[in-house]
Structures are given as structure tokens and as C-alpha cells.
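This is model_13.txt. It holds compact mmCIF, C-alpha atoms.
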```
# COMPACT_ATOMS: atom_id res chain seq x y z
CA MET Z 1 -23.50 -6.28 -35.81
CA THR Z 2 -23.31 -3.29 -33.50
CA VAL Z 3 -20.03 -2.45 -31.81
CA SER Z 4 -21.30 -3.80 -28.50
CA GLU Z 5 -22.24 -7.10 -30.11
CA ILE Z 6 -18.84 -7.34 -31.77
CA GLU Z 7 -17.15 -6.65 -28.45
CA ARG Z 8 -19.21 -9.19 -26.57
CA THR Z 9 -18.81 -12.00 -29.10
CA THR Z 10 -15.15 -11.29 -29.84
CA MET Z 11 -14.05 -11.16 -26.22
CA ALA Z 12 -16.08 -14.27 -25.40
CA ARG Z 13 -14.28 -16.15 -28.18
CA VAL Z 14 -10.85 -14.81 -27.19
CA THR Z 15 -11.49 -15.64 -23.53
CA LEU Z 16 -12.54 -19.19 -24.30
CA ARG Z 17 -9.60 -19.77 -26.63
CA LEU Z 18 -6.77 -18.29 -24.55
CA LEU Z 19 -7.56 -18.16 -20.84
CA PRO Z 20 -8.16 -21.86 -20.04
CA PHE Z 21 -4.90 -22.80 -21.75
CA LEU Z 22 -2.89 -20.00 -20.12
CA LEU Z 23 -4.45 -20.91 -16.78
CA LEU Z 24 -3.26 -24.49 -17.21
CA LEU Z 25 0.27 -23.27 -17.97
CA TYR Z 26 0.32 -21.09 -14.88
CA ILE Z 27 -0.97 -23.89 -12.65
CA ILE Z 28 1.95 -26.05 -13.82
CA SER Z 29 4.37 -23.13 -13.47
CA TRP Z 30 3.36 -22.27 -9.94
CA LEU Z 31 3.31 -25.88 -8.78
CA ASP Z 32 6.88 -26.41 -10.04
CA ARG Z 33 7.88 -23.22 -8.27
CA VAL Z 34 6.42 -23.95 -4.82
CA ASN Z 35 6.19 -27.74 -4.62
CA VAL Z 36 9.47 -27.56 -2.72
CA GLY Z 37 7.29 -26.33 0.16
CA PHE Z 38 5.60 -29.73 0.23
CA ALA Z 39 8.87 -31.59 -0.43
CA GLN Z 40 10.36 -30.08 2.74
CA LEU Z 41 8.20 -32.41 4.87
CA GLN Z 42 10.49 -35.26 3.77
CA LEU Z 43 13.44 -33.48 2.18
CA LYS Z 44 14.58 -31.68 5.35
CA PRO Z 45 14.85 -34.79 7.52
CA ASP Z 46 16.22 -36.93 4.64
CA LEU Z 47 19.02 -34.47 3.85
CA GLY Z 48 19.44 -32.91 7.31
CA PHE Z 49 18.40 -29.39 6.26
CA SER Z 50 17.60 -26.76 8.90
CA ASP Z 51 14.77 -24.25 8.42
CA THR Z 52 17.39 -21.66 7.51
CA ILE Z 53 18.93 -23.84 4.78
CA PHE Z 54 15.51 -24.63 3.37
CA GLY Z 55 14.44 -20.97 3.51
CA TYR Z 56 17.56 -19.89 1.61
CA GLY Z 57 17.05 -22.63 -0.96
CA ALA Z 58 13.42 -21.63 -1.47
CA SER Z 59 14.47 -17.99 -1.82
CA ILE Z 60 17.49 -18.34 -4.11
CA PHE Z 61 15.06 -19.29 -6.90
CA PHE Z 62 14.05 -15.64 -6.95
CA VAL Z 63 17.63 -14.39 -7.25
CA GLY Z 64 18.02 -16.17 -10.57
CA TYR Z 65 14.50 -15.12 -11.50
CA ALA Z 66 15.13 -11.44 -10.74
CA LEU Z 67 18.46 -11.33 -12.62
CA CYS Z 68 16.91 -12.68 -15.83
CA GLU Z 69 13.40 -11.18 -15.66
CA VAL Z 70 13.84 -7.98 -17.71
CA PRO Z 71 16.16 -9.52 -20.36
CA SER Z 72 13.79 -12.48 -20.75
CA ASN Z 73 10.75 -10.28 -21.32
CA LEU Z 74 12.58 -8.15 -23.87
CA LEU Z 75 13.61 -11.31 -25.71
CA LEU Z 76 9.96 -12.39 -25.67
CA VAL Z 77 9.03 -9.18 -27.51
CA ARG Z 78 11.85 -9.78 -29.99
CA TYR Z 79 11.24 -13.46 -30.75
CA GLY Z 80 7.51 -13.65 -30.04
CA ALA Z 81 5.46 -14.96 -27.12
CA ARG Z 82 4.80 -18.37 -28.68
CA LEU Z 83 8.45 -19.35 -29.12
CA TRP Z 84 9.72 -17.76 -25.93
CA ILE Z 85 7.02 -19.14 -23.61
CA ALA Z 86 7.66 -22.61 -25.05
CA ARG Z 87 11.40 -22.21 -24.34
CA ILE Z 88 10.69 -21.13 -20.77
CA MET Z 89 8.41 -24.07 -20.06
CA ILE Z 90 10.67 -26.76 -21.51
CA THR Z 91 13.78 -25.57 -19.65
CA TRP Z 92 12.04 -25.07 -16.32
CA GLY Z 93 10.40 -28.50 -16.58
CA LEU Z 94 13.75 -30.20 -17.15
CA ILE Z 95 15.38 -28.39 -14.24
CA SER Z 96 12.43 -29.13 -11.97
CA ILE Z 97 12.83 -32.82 -12.77
CA ALA Z 98 16.57 -32.56 -12.05
CA THR Z 99 15.76 -31.39 -8.50
CA MET Z 100 15.07 -35.05 -7.66
CA PHE Z 101 18.87 -35.55 -7.66
CA VAL Z 102 19.56 -33.00 -4.90
CA HIS Z 103 21.89 -34.53 -2.31
CA GLY Z 104 23.01 -31.58 -0.19
CA ALA Z 105 22.66 -27.84 0.42
CA THR Z 106 24.93 -26.81 -2.49
CA SER Z 107 23.10 -28.83 -5.15
CA PHE Z 108 19.79 -27.62 -3.68
CA TYR Z 109 20.86 -23.99 -3.99
CA VAL Z 110 22.27 -24.42 -7.54
CA LEU Z 111 19.17 -26.12 -8.95
CA ARG Z 112 16.79 -23.66 -7.31
CA PHE Z 113 18.85 -20.78 -8.78
CA LEU Z 114 18.80 -22.36 -12.26
CA LEU Z 115 15.05 -22.98 -11.98
CA GLY Z 116 14.56 -19.26 -11.31
CA MET Z 117 16.67 -18.33 -14.34
CA ALA Z 118 14.70 -20.74 -16.53
CA GLU Z 119 11.28 -19.48 -15.46
CA ALA Z 120 12.16 -15.76 -15.57
CA GLY Z 121 9.89 -13.84 -17.90
CA PHE Z 122 6.94 -16.24 -17.80
CA LEU Z 123 4.51 -14.19 -15.70
CA PRO Z 124 5.36 -10.74 -17.15
CA GLY Z 125 5.45 -12.33 -20.59
CA ILE Z 126 1.91 -13.60 -20.18
CA VAL Z 127 0.75 -10.26 -18.72
CA TYR Z 128 2.27 -8.50 -21.73
CA TYR Z 129 0.68 -11.07 -24.06
CA LEU Z 130 -2.75 -10.51 -22.50
CA SER Z 131 -2.36 -6.75 -23.01
CA GLN Z 132 -2.14 -7.48 -26.76
CA TRP Z 133 -5.48 -9.34 -26.68
CA PHE Z 134 -7.68 -7.80 -23.98
CA PRO Z 135 -8.81 -4.13 -23.99
CA ARG Z 136 -8.37 -2.24 -20.72
CA GLU Z 137 -11.86 -2.74 -19.35
CA HIS Z 138 -11.48 -6.52 -19.73
CA ARG Z 139 -7.91 -6.77 -18.49
CA ALA Z 140 -8.23 -7.15 -14.71
CA ARG Z 141 -10.63 -10.04 -15.10
CA ALA Z 142 -8.42 -11.65 -17.75
CA VAL Z 143 -5.31 -11.34 -15.58
CA SER Z 144 -7.17 -12.68 -12.56
CA TRP Z 145 -8.53 -15.67 -14.46
CA PHE Z 146 -4.96 -16.42 -15.53
CA MET Z 147 -3.46 -15.81 -12.09
CA ILE Z 148 -6.09 -17.88 -10.35
CA GLY Z 149 -3.64 -20.59 -11.32
CA ILE Z 150 -1.70 -19.66 -8.16
CA PRO Z 151 -4.33 -20.85 -5.68
CA LEU Z 152 -5.56 -23.61 -8.00
CA SER Z 153 -2.05 -25.08 -8.23
CA LEU Z 154 -2.01 -25.31 -4.44
CA ILE Z 155 -5.62 -26.53 -4.16
CA PHE Z 156 -4.86 -29.51 -6.41
CA GLY Z 157 -1.09 -29.63 -5.97
CA GLY Z 158 -1.19 -29.95 -2.19
CA PRO Z 159 -3.18 -33.19 -2.07
CA MET Z 160 -1.35 -34.55 -5.14
CA SER Z 161 2.10 -33.80 -3.71
CA GLY Z 162 1.10 -35.26 -0.36
CA TRP Z 163 -0.24 -38.42 -2.03
CA ILE Z 164 2.90 -38.90 -4.12
CA MET Z 165 5.21 -38.46 -1.13
CA LYS Z 166 3.18 -40.80 1.06
CA TYR Z 167 2.40 -43.65 -1.32
CA LEU Z 168 5.45 -43.63 -3.61
CA ASP Z 169 8.03 -43.21 -0.86
CA GLU Z 170 10.82 -45.79 -1.40
CA ALA Z 171 9.20 -47.06 -4.63
CA GLN Z 172 12.02 -48.17 -7.00
CA GLY Z 173 14.48 -46.97 -4.37
CA LEU Z 174 13.42 -43.31 -4.62
CA HIS Z 175 12.15 -41.07 -1.83
CA GLY Z 176 8.63 -39.68 -2.11
CA TRP Z 177 9.93 -36.13 -2.65
CA GLN Z 178 12.05 -37.38 -5.58
CA TRP Z 179 9.00 -38.93 -7.23
CA MET Z 180 7.15 -35.65 -6.68
CA PHE Z 181 9.72 -33.57 -8.57
CA LEU Z 182 9.81 -36.12 -11.40
CA ILE Z 183 6.05 -36.50 -11.85
CA GLU Z 184 5.25 -32.79 -11.47
CA GLY Z 185 8.05 -31.64 -13.81
CA ILE Z 186 7.03 -33.71 -16.85
CA PRO Z 187 3.84 -31.71 -17.74
CA ALA Z 188 5.83 -28.47 -18.14
CA VAL Z 189 8.06 -30.06 -20.78
CA ALA Z 190 5.12 -31.61 -22.65
CA LEU Z 191 3.03 -28.42 -22.60
CA GLY Z 192 6.01 -26.39 -23.81
CA PHE Z 193 5.77 -28.22 -27.13
CA VAL Z 194 1.98 -27.75 -27.20
CA VAL Z 195 2.48 -23.97 -26.88
CA LEU Z 196 4.32 -23.92 -30.21
CA GLY Z 197 1.25 -25.14 -32.05
CA PHE Z 198 -1.53 -23.55 -30.01
CA LEU Z 199 -0.71 -19.94 -29.13
CA THR Z 200 -1.41 -17.20 -31.67
CA GLU Z 201 1.00 -14.26 -31.62
CA LYS Z 202 -1.46 -11.38 -32.13
CA PRO Z 203 -5.13 -10.77 -33.06
CA ALA Z 204 -4.33 -10.06 -36.70
CA ASP Z 205 -3.00 -13.64 -37.02
CA ALA Z 206 -6.01 -15.29 -35.33
CA ARG Z 207 -7.56 -17.47 -38.04
CA TRP Z 208 -9.92 -18.83 -35.37
CA LEU Z 209 -11.61 -15.37 -35.26
CA PRO Z 210 -13.96 -14.23 -38.06
CA ALA Z 211 -12.45 -11.46 -40.19
CA GLU Z 212 -14.77 -8.80 -38.76
CA GLN Z 213 -13.84 -9.69 -35.17
CA ARG Z 214 -10.14 -9.87 -36.06
CA ALA Z 215 -10.26 -6.38 -37.53
CA TRP Z 216 -12.25 -4.95 -34.61
CA LEU Z 217 -9.89 -6.32 -31.93
CA THR Z 218 -6.74 -5.36 -33.83
CA GLU Z 219 -7.93 -1.77 -34.18
CA ARG Z 220 -9.20 -1.59 -30.60
CA ILE Z 221 -5.85 -2.66 -29.14
CA ALA Z 222 -3.92 -0.43 -31.56
CA ALA Z 223 -6.09 2.58 -30.63
CA GLU Z 224 -5.42 2.04 -26.93
CA HIS Z 225 -1.69 1.81 -27.59
CA ARG Z 226 -1.75 5.00 -29.68
CA GLU Z 227 -3.67 6.83 -26.95
CA ALA Z 228 -1.28 5.70 -24.20
CA LYS Z 229 1.77 6.56 -26.30
CA SER Z 230 0.45 10.02 -27.21
CA ARG Z 231 -0.45 10.80 -23.60
CA HIS Z 232 2.70 9.48 -21.92
CA GLY Z 233 5.15 8.63 -24.71
CA PHE Z 234 7.44 6.45 -22.58
CA GLY Z 235 10.31 4.58 -24.17
CA LEU Z 236 12.03 1.56 -22.64
CA ARG Z 237 14.68 3.58 -20.79
CA GLN Z 238 12.10 5.97 -19.35
CA ALA Z 239 9.93 3.07 -18.22
CA LEU Z 240 12.81 1.43 -16.37
CA THR Z 241 13.67 4.62 -14.49
CA HIS Z 242 10.24 6.21 -14.00
CA PRO Z 243 9.17 6.85 -10.36
CA THR Z 244 5.63 5.54 -10.96
CA VAL Z 245 6.96 2.25 -12.35
CA TRP Z 246 9.21 1.91 -9.30
CA LEU Z 247 6.34 2.71 -6.96
CA LEU Z 248 4.31 -0.02 -8.62
CA ALA Z 249 7.32 -2.29 -8.21
CA VAL Z 250 7.56 -1.65 -4.46
CA VAL Z 251 3.84 -2.34 -4.04
CA MET Z 252 4.32 -5.66 -5.86
CA PHE Z 253 7.31 -6.41 -3.63
CA CYS Z 254 5.11 -6.00 -0.55
CA CYS Z 255 2.33 -8.20 -1.98
CA GLN Z 256 4.73 -10.93 -3.08
CA THR Z 257 6.66 -10.93 0.19
CA GLY Z 258 3.39 -11.78 1.89
CA SER Z 259 2.24 -14.43 -0.58
CA TYR Z 260 5.59 -16.20 -0.87
CA GLY Z 261 6.16 -16.02 2.86
CA LEU Z 262 2.81 -17.78 3.13
CA SER Z 263 2.95 -20.35 0.32
CA PHE Z 264 6.35 -21.85 1.14
CA TRP Z 265 5.57 -22.28 4.84
CA VAL Z 266 1.86 -23.19 5.03
CA PRO Z 267 2.58 -26.94 4.89
CA SER Z 268 5.09 -26.59 7.74
CA ILE Z 269 2.70 -24.45 9.80
CA ILE Z 270 -0.15 -26.95 9.42
CA LYS Z 271 2.15 -29.93 10.05
CA GLY Z 272 3.44 -28.30 13.24
CA LEU Z 273 -0.06 -27.53 14.52
CA THR Z 274 -1.64 -30.89 13.67
CA GLY Z 275 1.07 -33.53 13.30
CA TYR Z 276 -0.98 -35.06 10.48
CA SER Z 277 0.45 -37.14 7.59
CA GLU Z 278 1.84 -35.55 4.41
CA PHE Z 279 -1.33 -36.38 2.46
CA THR Z 280 -3.64 -34.85 5.10
CA VAL Z 281 -1.42 -31.78 5.42
CA GLY Z 282 -1.46 -31.37 1.63
CA THR Z 283 -5.25 -31.60 1.63
CA LEU Z 284 -5.68 -29.07 4.45
CA THR Z 285 -3.20 -26.74 2.71
CA SER Z 286 -5.68 -26.35 -0.15
CA ILE Z 287 -8.27 -24.61 2.08
CA PRO Z 288 -6.61 -21.15 2.20
CA TYR Z 289 -6.18 -21.24 -1.56
CA ILE Z 290 -9.81 -22.09 -2.21
CA ALA Z 291 -10.62 -18.87 -0.34
CA ALA Z 292 -7.98 -17.05 -2.41
CA ALA Z 293 -9.40 -18.34 -5.73
CA VAL Z 294 -12.93 -17.20 -4.87
CA ALA Z 295 -11.66 -13.79 -3.72
CA MET Z 296 -9.62 -13.31 -6.91
CA VAL Z 297 -12.67 -13.83 -9.12
CA LEU Z 298 -14.97 -11.58 -7.07
CA VAL Z 299 -12.50 -8.73 -6.60
CA SER Z 300 -11.38 -8.65 -10.24
CA ARG Z 301 -15.02 -8.68 -11.41
CA SER Z 302 -15.79 -5.76 -9.09
CA SER Z 303 -12.71 -3.88 -10.28
CA ASP Z 304 -13.55 -4.27 -13.97
CA ARG Z 305 -17.21 -3.38 -13.40
CA THR Z 306 -16.42 -0.16 -11.51
CA GLY Z 307 -13.15 0.70 -13.28
CA GLU Z 308 -11.57 1.29 -9.84
CA ARG Z 309 -8.16 -0.32 -9.21
CA PHE Z 310 -6.43 1.22 -6.20
CA LEU Z 311 -8.94 0.46 -3.45
CA HIS Z 312 -9.27 -3.03 -4.91
CA VAL Z 313 -5.58 -3.48 -4.07
CA ALA Z 314 -5.31 -1.49 -0.83
CA ILE Z 315 -8.36 -2.81 1.05
CA PRO Z 316 -7.64 -6.51 0.38
CA SER Z 317 -4.01 -5.93 1.40
CA VAL Z 318 -5.16 -4.66 4.79
CA ILE Z 319 -7.51 -7.65 5.12
CA GLY Z 320 -4.59 -9.96 4.30
CA ALA Z 321 -2.47 -8.18 6.92
CA ALA Z 322 -5.22 -8.79 9.49
CA GLY Z 323 -5.13 -12.51 8.60
CA PHE Z 324 -1.37 -12.69 9.18
CA LEU Z 325 -1.77 -10.76 12.44
CA ALA Z 326 -4.46 -13.15 13.66
CA MET Z 327 -2.35 -16.15 12.62
CA ALA Z 328 0.49 -14.93 14.82
CA TYR Z 329 -1.62 -15.55 17.96
CA MET Z 330 -3.47 -18.73 16.98
CA HIS Z 331 -2.79 -22.04 18.71
CA SER Z 332 -5.89 -23.90 17.54
CA PRO Z 333 -5.16 -25.54 14.15
CA TRP Z 334 -8.65 -24.75 12.85
CA LEU Z 335 -8.56 -21.08 13.87
CA ALA Z 336 -5.07 -20.87 12.39
CA LEU Z 337 -6.40 -22.33 9.14
CA LEU Z 338 -9.16 -19.70 9.14
CA ALA Z 339 -6.60 -16.92 9.69
CA LEU Z 340 -4.40 -18.31 6.90
CA SER Z 341 -7.45 -18.35 4.60
CA VAL Z 342 -8.10 -14.66 5.31
CA ALA Z 343 -4.43 -13.86 4.70
CA ALA Z 344 -4.34 -15.78 1.41
CA ALA Z 345 -7.63 -14.33 0.14
CA GLY Z 346 -6.62 -10.76 0.98
CA ASP Z 347 -3.14 -10.97 -0.49
CA TYR Z 348 -3.75 -12.95 -3.70
CA CYS Z 349 -6.92 -11.17 -4.84
CA THR Z 350 -4.98 -7.94 -5.43
CA ARG Z 351 -3.25 -9.32 -8.54
CA GLY Z 352 -5.93 -8.71 -11.18
CA PRO Z 353 -6.58 -5.03 -10.32
CA PHE Z 354 -2.85 -4.42 -9.82
CA TRP Z 355 -1.72 -5.82 -13.18
CA ALA Z 356 -4.37 -3.74 -14.97
CA LEU Z 357 -2.45 -0.60 -13.94
CA PRO Z 358 0.84 -0.70 -15.95
CA GLY Z 359 -1.00 -0.98 -19.28
CA LYS Z 360 -2.69 2.36 -18.63
CA PHE Z 361 0.51 4.22 -19.51
CA LEU Z 362 3.04 1.69 -20.87
CA VAL Z 363 2.98 0.18 -24.38
CA GLY Z 364 5.34 -1.79 -26.61
CA SER Z 365 8.89 -2.37 -25.34
CA ALA Z 366 8.21 0.07 -22.49
CA ALA Z 367 5.37 -2.19 -21.32
CA ALA Z 368 7.49 -5.33 -21.65
CA GLY Z 369 10.40 -3.82 -19.74
CA GLY Z 370 8.27 -2.01 -17.15
CA ILE Z 371 6.12 -5.05 -16.39
CA ALA Z 372 9.26 -7.20 -16.10
CA LEU Z 373 10.86 -4.68 -13.72
CA ILE Z 374 7.74 -4.62 -11.55
CA ASN Z 375 7.67 -8.41 -11.41
CA THR Z 376 11.40 -8.48 -10.67
CA MET Z 377 10.71 -6.56 -7.49
CA GLY Z 378 7.95 -9.05 -6.78
CA ALA Z 379 10.53 -11.80 -7.21
CA LEU Z 380 12.73 -10.11 -4.63
CA GLY Z 381 9.73 -10.40 -2.32
CA GLY Z 382 10.12 -14.12 -2.96
CA VAL Z 383 13.70 -13.84 -1.69
CA VAL Z 384 12.76 -11.88 1.42
CA GLY Z 385 9.56 -13.69 2.39
CA PRO Z 386 10.58 -17.38 2.62
CA SER Z 387 14.16 -16.78 3.82
CA THR Z 388 13.15 -14.27 6.50
CA VAL Z 389 10.36 -16.51 7.76
CA GLY Z 390 12.81 -19.44 7.94
CA LYS Z 391 15.51 -17.42 9.70
CA LEU Z 392 13.12 -15.83 12.20
CA LYS Z 393 11.53 -19.21 12.92
CA ASP Z 394 14.95 -20.70 13.70
CA VAL Z 395 15.86 -17.73 15.92
CA THR Z 396 12.56 -17.38 17.78
CA GLY Z 397 11.35 -20.97 17.68
CA GLY Z 398 7.93 -20.16 16.25
CA PHE Z 399 5.89 -18.30 13.63
CA LEU Z 400 4.79 -15.33 15.81
CA VAL Z 401 7.46 -12.85 14.72
CA PRO Z 402 7.45 -13.91 11.01
CA MET Z 403 3.66 -13.46 10.78
CA LEU Z 404 3.85 -10.03 12.44
CA LEU Z 405 6.49 -9.01 9.88
CA LEU Z 406 4.41 -10.18 6.90
CA SER Z 407 1.39 -8.32 8.29
CA GLY Z 408 3.35 -5.07 8.55
CA ILE Z 409 4.72 -5.39 5.01
CA LEU Z 410 1.22 -5.74 3.57
CA VAL Z 411 0.09 -2.61 5.42
CA VAL Z 412 3.00 -0.71 3.86
CA GLY Z 413 1.92 -2.01 0.43
CA ALA Z 414 -1.64 -0.78 1.01
CA ALA Z 415 -0.41 2.70 1.97
CA LEU Z 416 1.82 2.95 -1.12
CA THR Z 417 -1.07 1.83 -3.34
CA LEU Z 418 -3.13 4.78 -2.12
CA ARG Z 419 -0.15 7.02 -2.91
CA LEU Z 420 -0.26 5.77 -6.52
CA ARG Z 421 -3.67 7.40 -6.99
CA HIS Z 422 -2.03 10.82 -6.88
CA THR Z 423 0.73 10.21 -9.44
CA PRO Z 424 0.36 12.08 -12.76
CA GLN Z 425 0.01 8.81 -14.71
CA PHE Z 426 -3.13 7.81 -12.78
CA LYS Z 427 -4.56 11.04 -11.39
CA SER Z 428 -6.42 11.84 -14.60
CA GLU Z 429 -7.79 8.29 -14.91
CA GLY Z 430 -10.08 8.56 -11.89
CA SER Z 431 -9.67 4.83 -11.22
```
Would you encode the structure as C-alpha cells?
Amino acid sequence: MTVSEIERTTMARVTLRLLPFLLLLYIISWLDRVNVGFAQLQLKPDLGFSDTIFGYGASIFFVGYALCEVPSNLLLVRYGARLWIARIMITWGLISIATMFVHGATSFYVLRFLLGMAEAGFLPGIVYYLSQWFPREHRARAVSWFMIGIPLSLIFGGPMSGWIMKYLDEAQGLHGWQWMFLIEGIPAVALGFVVLGFLTEKPADARWLPAEQRAWLTERIAAEHREAKSRHGFGLRQALTHPTVWLLAVVMFCCQTGSYGLSFWVPSIIKGLTGYSEFTVGTLTSIPYIAAAVAMVLVSRSSDRTGERFLHVAIPSVIGAAGFLAMAYMHSPWLALLALSVAAAGDYCTRGPFWALPGKFLVGSAAAGGIALINTMGALGGVVGPSTVGKLKDVTGGFLVPMLLLSGILVVGAALTLRLRHTPQFKSEGS
């Protein structure tokens, strides 16, 4: 075999083995994180929650998430991805199920906070895990294929959540939103046990790869790590305090503020514009995320093919900002849905190119800690986005001001991404 043949066949085998399974895990993860956005259609009137209470409850998840993100990812490196990802999934699934017993604002806040603590470390843990299996030129596409679970969870989760709430409401004396938390929490627990037997820790342990491919991939990843360490030489403490890591973190904060501000409130926006049933609202909610899924695949493929990362984050961010801006002035439900689709596509498709950047100069514990720090700031975007949208909606009586705010934040993120091109860690890369 030539090197190119080894690369092609090895990466095809690794992709087929790992990415579909990791994608499934992330679909379940994201659905358990945001299905509260669908539950609000019944939960708010059943429990007497205002938009502000719901917004705070949606956001407090990310407080627990942010507090535990870095420690969780460092524990993943210590105990191994297989064991730690299984632990994360089992605990978050059980807490998600427990959300069916919410009876007031306090219990809502407590369980959302605990859910954030339980899930902390999952996304950065998987990003770190992928960096141990996919060489740099394959990484953006790998991350995007994994993170396409975000829109896919909402494409399938919206109609499913709407169906459960509509047709199981009052079955066995339970509200539809209680059935939703129960049914959608069980797969996380079950798949947590599957992880223990399915995931392989590192290429050298992959018995499902031929020996020649195992050796090639192990050396390829090790060579990249040696090169990054010799060029930058960051330790964990340096990674957590480095200006470039923090600049990446602020860019992620801007992107996540937009996406979380969108995902938790899309059902409410569509319900308010159309007055349709929960099932129909759930079905229509999938449309923006179909656009996002397509955009994620196309943009990540373009980024890997050209090796360019920064414009593949900045330009879509501006497009997403334009979608939010247009949404602010839409009164037609169908034009609003189009604007939301543009916003979702622009915002979500930045993830693959973005997450290919930290691995260019961070390895080992520095990569685990740095990636977790960056995602922690993204989690804070999950605090700001939903809660601010809820508060501003209560104060102003509509979504005009919240959408203008989300648009402006994405523009700031685009500008900071272009600033990243001139940092010493990336200036020599020419990407």
C-alpha cells in the first residue's frame, strides 16, 4: 500500500466505526438538553411559569455545566474516554427522567442545574477524543459529522416531542411533558452502558483495524502531537491562561449565545405566530435545523478541502446575524421560518471549522483543559441566550429586541474570529 492508500482506507474505516455511534450519542445528548424548549408549551401553563422563570430554568443548566466542564474533561483524560463518557450519559439520563417530577420553580431550577453538572465534559470530551483519532486535515469534517447531531436532534426530536405531548397527555395520570422527559431520558441511560463495550480508547488498541493501519494512524497522530508540542509547548496552566485560548472562548460564547437563544425559543416563536398544535409546531421547528444540518456538512467539507478555518467561521456568523435581524421584523409565519432557517444555518455551520482550531497548538492535558475552557464559555452563552431572550420578551412583549441582540452578538463573534488570524499561534498556519 502507498501512504495515500493507507490514509484513505484507514480513515474510511475509523469514520464508519466511530462517527455514526458518536453522532447517535450527541443526538440523544442534545435532545435531553433542549427538549425543555418543547416541554414549555405545556409545562408553563401547567405550572404557572412566566417566560422569565422558564428562561432562567433553561439557562441554569449551563451554570452547572460551566462549573464542572474543565474538571470533567481532565477526569476524562485521567480515567479514559470510554469510562467517563459512559458515566456522563448514565447520570444525565437519570436526571433528565427525574425532570418529569418538577412541581414548581425551585425543583425546576435544581434539576436543570444538576443536569448541567451531569452532562459537563461530554462535548469537549468527544472533541478531545476525536483529536486522538482524526489527523488535522480530517478533523473539521469529523467534528461536523459528530455535531450535526445538534440539528438532527431537533429535526427528529421536535415532531417526536410534539407527538408525545399531544397523544400521551393525561395517559396514566401524567401530563404530556412528563411522558416526554421519561421517554426521551431512557436512551441516554441504555447507551451509556453500550459505550463501555463499544468505544476504543486509542488507535493502538483498535483490534478492528489491521495492524498496518493501526501503526500508521498511531504514528500519524503522535507526530502531529510532537510537532504541536515542539512549536508551542503549552502545558495545562498555560493553556488555561493563554490569550489565544480565551479569544477562542469568547468567539464560542458569541456563537453559542446565538444558537441557544434560538433553540430554546423556536417552538415558542412558531407557536405564537401560528397558534398550531404542539405536534405541528414540533414538525415546523425541524425546518430551520434541516437547513443547519445541510450547511454544517457543506461548510466543513469546504473548510477541510481548502484548509481555511477563519472565514468559514466569520462569514457564516454574519449570515446567521442577518437571519436574526430579518426575523426581528417578520410577521408572516412562513417568512419568519425562512429567517430562522438562515439564522440556524449560519450559526450552527461554524462548529466544524471552529473546533479544528484548538488542536493546531494544544495537545495532551493542555488540549483537554483548553477545549473544556472554550466550551465552558460556550456554556455561558447558554446562560445568556435563553435567559436574556426570556427577560426581554417579558419586558418588551415580543421577540424584536431579543433577535436584534442575538444578531449583534454574532457580528461581534465574526469580528473576533478575523482577529484570531493574526495571533502568533495561527499566523504561521495560513489557514
Can you check which parts of region 97-137 of chain Z lie within 8 Å of region 142-162 of chain Z? Per residue, the shortest pair of atoms and distance in Å to one decimal, counting only C-alpha atoms, sorted by chain and number, as a tab-separated table.
```
residue	atom	partner	partner_atom	distance
Z:Val127	CA	Z:Val143	CA	6.9
Z:Leu130	CA	Z:Val143	CA	7.4
Z:Phe134	CA	Z:Ala142	CA	7.4
```
Original post:
Mind listing as a VMD selection string all residues within 8 Å of (-5.3, -17.9, -20.6), counting all atoms listed in the file?
Top reply: chain Z and resid 15 17 to 24 142 145 to 146
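Interatomic distance, CA of Leu67 (chain Z) against CA of Thr376 (chain Z): 7.9 Å.
Neighbouring residues of Tyr56 (chain Z) at 9 Å or closer, counting only C-alpha atoms and skipping chain neighbours under 5 positions away, are Asp51, Phe61, Tyr109, Val383, Pro386, Ser387, Thr388, Gly390 and Lys391 of chain Z.
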Take every atom of region 193-210 of chain Z listed in the file, fit an axis-aligned box around them, add 5 Å per side, and give the centre and edge lengths in Å to one decimal as JSON.
```
{"center_x": -4.1, "center_y": -19.1, "center_z": -32.5, "size_x": 29.7, "size_y": 28.2, "size_z": 21.2}
```
**OP:** Just give me the residues with any atom within 9 Å of (12.5, -3.6, -11.2), file coordinates, counting all atoms listed in the file, written as a list in words.
**Re:** Ala66, Glu69, Val70, Leu240, Thr241, Val245, Trp246, Ala249, Val250, Gly369, Gly370, Ile371, Ala372, Leu373, Ile374, Asn375, Thr376, Met377 and Gly378 of chain Z
Original post:
If we count only C-alpha atoms, what is near Leu114 (chain Z) at a cut-off of 9 Å, once residues fewer than 3 positions away on the same chain are taken out, given as a ChimeraX atom specification?
Top reply: /Z:61,64-65,92,95,109-111,117-119
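With distances taken over all atoms listed in the file, Z:Leu115 is the one residue among Z:Leu406, Z:Val412, Z:Leu115, Z:Val251 lying closest to Val63 (chain Z).
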Subject >> Straight-line distance linking CA of Thr52 (chain Z) with CA of Gly93 (chain Z), stated in Å to one decimal >> reply: 26.0 Å
Using only C-alpha atoms, what does the table of region 182-293 of chain Z residues within 12 Å of region 297-309 of chain Z look like, with each row giving the shortest atom pair and its distance in Å to one decimal, sorted by chain and ascending number, as a Markdown table?
```
| residue | atom | partner | partner_atom | distance |
| --- | --- | --- | --- | --- |
| Z:Ile290 | CA | Z:Val297 | CA | 11.1 |
| Z:Ala291 | CA | Z:Val297 | CA | 10.3 |
| Z:Ala292 | CA | Z:Val297 | CA | 8.8 |
| Z:Ala293 | CA | Z:Val297 | CA | 6.5 |
```
**OP:** Can you pull out every residue within 9 Å of Asp32 (chain Z), counting only C-alpha atoms, but drop anything in the same chain fewer than 5 positions away, and send it as a PyMOL selection string?
**Re:** chain Z and resi 27+92-93+96+181+184-185+188
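Near Asp46 (chain Z), within 10 Å and counting only C-alpha atoms, sit Z:Gln40, Z:His103, Z:Gly104, Z:His175, Z:Trp177; same-chain residues fewer than 6 positions away were not included.
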Can I get the selection written as a PDB file, in the coordinates of the input, with C-alpha atoms?
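Writing the result to result-v9.pdb gives the following:
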```
ATOM      1  CA  GLN Z  40      10.360 -30.080   2.740  1.00  0.00           C
ATOM      2  CA  HIS Z 103      21.890 -34.530  -2.310  1.00  0.00           C
ATOM      3  CA  GLY Z 104      23.010 -31.580  -0.190  1.00  0.00           C
ATOM      4  CA  HIS Z 175      12.150 -41.070  -1.830  1.00  0.00           C
ATOM      5  CA  TRP Z 177       9.930 -36.130  -2.650  1.00  0.00           C
TER       6      TRP Z 177
END
```
Original post:
What does the distance from CA of Leu248 (chain Z) to CA of Val14 (chain Z) come to in Å, to one decimal?
Top reply: 28.2 Å
Original post:
Using all atoms listed in the file, which residues sit within 8 Å of region 335-349 of chain Z once same-chain residues fewer than 3 positions away are excluded, as a PyMOL selection string?
Top reply: chain Z and resi 144+255+258-259+262+270+287-289+291-297+299-300+313+316-324+326-327+330-332+352+410
**OP:** Choose the residue, out of Z:Ala228, Z:Leu420, Z:Val281, Z:Leu191, that has the smallest atom-to-atom separation from Pro333 (chain Z); count only C-alpha atoms.
**Re:** Z:Val281
